[in-house]
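Novice: Can you keep this structure in mind? I'll have questions shortly.
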Amino acid sequence: PKPNPNPNPNPPSHPSLDPKEGYGDVTEVGGGVRRRAPEKETAEYRGQISPGYYNSGAHMLWIGTRTKQLDGAHTEYFRGIANPIGIKVGSDISPENAVSLIRILDPTNTPGKITLISRYGSANVSVGLPMLAEAISRAQLRVVWLVDPMHGNTHKSNVANTKTRSTDDIFHEIQQTHKILQRHGQHLGGIHLELCGDDVTECIDGVRVKEENLGDNWQSACDPRLNYDQCIEMAYRVSELLAEDLKNPSAPHRQN
């Protein structure tokens with residue numbers, strides 16, 4: 001076949017990213033696209049965009065449980081791109097390996113470059129997270145903390161014979177993560193929830209959805225999600241948690 005005269009059939013609207021002005025090298029890697037940021041783009045935004053290669057195939061790139069080996073292919077690839085990077089952390093990684101991995105991926109300790117996605121589970125967060133938070137503080141690494149209270153709290157219901165999650169476990173992990181990070185001079189910067197705006201029955205709350213109700217309106221093709229009412233309730237509980245800080249003058253200062 002003849003070569004495509006326009007390698008980007010859907011060019012972005014931003015004029016400085018027009019293919020005619022040198023989009024740079026384009027390499028397809030793992031279904032994503034790696035692009036070199038053009039000099040004109042980095043100059044126009046006055047340093048807000050770092051020069052180098054970017055993967056533009058996803059909203060946020062992250063390294064998971066099976067791919068965070070220090071000498072692995074994913075680590076080698078991720079250390080060569082300028083994207084912000086997420087790292088899922090839990091009982092499967094030691095504090096020492098987490099620090100080493102962060103230093104490989106972000107040798108310049110750039111604020112906002114690394115997001116640690118904490119997912120210990122409600123039963124384990126008070127054991128594992130303090131050690132990791134202490135190691136991060138001691139190493140003076142400038143990371144963003146995000147809690148994923150969903151995946152560590154998934155269990156199989158003996159009644160409905162399907163996966164489910166408890167809203168109490170989800171909130172407990174959020175609450176404990178927030179307080180543990182504060183004690184170590186860190187700040188919880190975000191919460192990851194899997195949710196649905198419909199009245200599904202996938203997570204148990206002990207009131208509207210119990211284990212025997214899980215089969216009433218299970219719609220998920222994969223993992224259990226919070227339904228609309230559970231989302232609203234979770235938002236209220238988190239807002240009350242944060243409001244406690246405003247009432248407590250001795251609460252540790254948050255990082256900016």
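To be explicit about the labels: the chains of the structure tokens are called A, B, and onward in the order shown, and within each one the residues are counted from 1, while ligands get numbers from 1 in the order they are shown.
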For range 235-244 of chain A, please output as a ChimeraX atom specification all residues within 9 Å (counting only C-alpha atoms; exclusion window: fewer than 5 positions along the same chain).
Specialist: /A:171,174-175,178,230,251
Novice: Can I get the selection written as a CSV table (one decimal), in the first residue's frame, with C-alpha atoms?
Specialist:
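File produced: result_37.csv:
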chain,number,residue,atom,x,y,z
A,171,PHE,CA,-15.3,4.6,53.7
A,174,ILE,CA,-10.7,6.4,52.9
A,175,GLN,CA,-10.9,7.6,56.5
A,178,HIS,CA,-6.6,10.4,55.3
A,230,GLN,CA,-24.5,5.1,47.8
A,251,ALA,CA,-4.8,19.0,62.6
Novice: Excluding same-chain residues fewer than 6 positions from Gly189 in chain A, what lies within 7 Å of it counting only C-alpha atoms, as a ChimeraX atom specification?
Specialist: /A:144-146
Novice: What residues in range 43-241 of chain A get the DSSP label strand (DSSP E)? Please answer as a ChimeraX atom specification.
Specialist: /A:53-55,61-63,85-89,114-118,144-147,154-156,163-165,188-191
Novice: From a DSSP calculation on the backbone, collect every residue of range 182-256 of chain A in helix (DSSP H, G or I) and output the set as a list in words.
Specialist: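 The helix (DSSP H, G or I) residues within range 182-256 of chain A come out as Gln182, Arg183, Glu211, Glu212, Asn213, Tyr228, Asp229, Gln230, Cys231, Ile232, Glu233, Met234, Ala235, Tyr236, Arg237, Val238, Ser239, Glu240, Leu241, Leu242, Ala243, Glu244, Asp245, Leu246 and Lys247 of chain A.
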Novice: When you count only C-alpha atoms, which of these residues is closest to Ser137 in chain A: A:Pro149, A:Asp168, A:Leu181, A:Thr154?
Specialist: A:Leu181
Novice: Would you mind reading off the distance between CA of Trp62 in chain A and CA of Gln176 in chain A, one decimal, in Å?
Specialist: 23.4 Å
Novice: Contacts of Glu212 in chain A at 12 Å or less, counting only C-alpha atoms, minus same-chain residues fewer than 5 places along, as a count of residues only?
Specialist: 16
Novice: When you count only C-alpha atoms, which of these residues is closest to Ile180 in chain A: A:His59, A:Ile136, A:Val125, A:Lys68?
Specialist: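 Distance minimum relative to Ile180 in chain A lands on A:Val125.
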Novice: Just how far from CA of Arg36 in chain A is CA of Thr65 in chain A, in Å to one decimal?
Specialist: 28.2 Å
Novice: Between A:Gly128, A:Gly190, A:Pro224, A:Gly215, single out the one closest to Thr167 in chain A, counting only C-alpha atoms.
Specialist: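 Using only C-alpha atoms, the shortest distance to Thr167 in chain A belongs to A:Pro224.
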Novice: Show me, as a PyMOL selection string, the residues that have an atom within 7 Å of range 95-106 of chain A when counting only C-alpha atoms, minus same-chain residues fewer than 6 positions from it.
Specialist: chain A and resi 70+78-79+113+131-132+135-136
Novice: How would the residues just chosen look if you wrote them out with C-alpha atoms as a PDB file, in the first residue's frame?
Specialist:
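The resulting file, part_23.pdb, is reproduced below:
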ATOM      1  CA  LEU A  70      12.409  -2.355  39.026  1.00  0.00           C
ATOM      2  CA  PHE A  78       7.753   4.673  31.688  1.00  0.00           C
ATOM      3  CA  ARG A  79      11.033   6.260  32.736  1.00  0.00           C
ATOM      4  CA  LYS A 113       4.972  13.614  38.275  1.00  0.00           C
ATOM      5  CA  MET A 131       5.412   2.239  56.757  1.00  0.00           C
ATOM      6  CA  LEU A 132       5.108   3.453  53.169  1.00  0.00           C
ATOM      7  CA  ALA A 135       9.490   5.944  53.813  1.00  0.00           C
ATOM      8  CA  ILE A 136       8.151   8.553  51.376  1.00  0.00           C
TER       9      ILE A 136
END
Novice: For each of A:Gly72, A:Gly121, A:Pro84, A:Gly185, take the minimum atom-to-atom distance to Tyr53 in chain A, counting only C-alpha atoms, then give the residue where this is smallest.
Specialist: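 Nearest candidate to Tyr53 in chain A out of A:Gly72, A:Gly121, A:Pro84, A:Gly185: A:Pro84.
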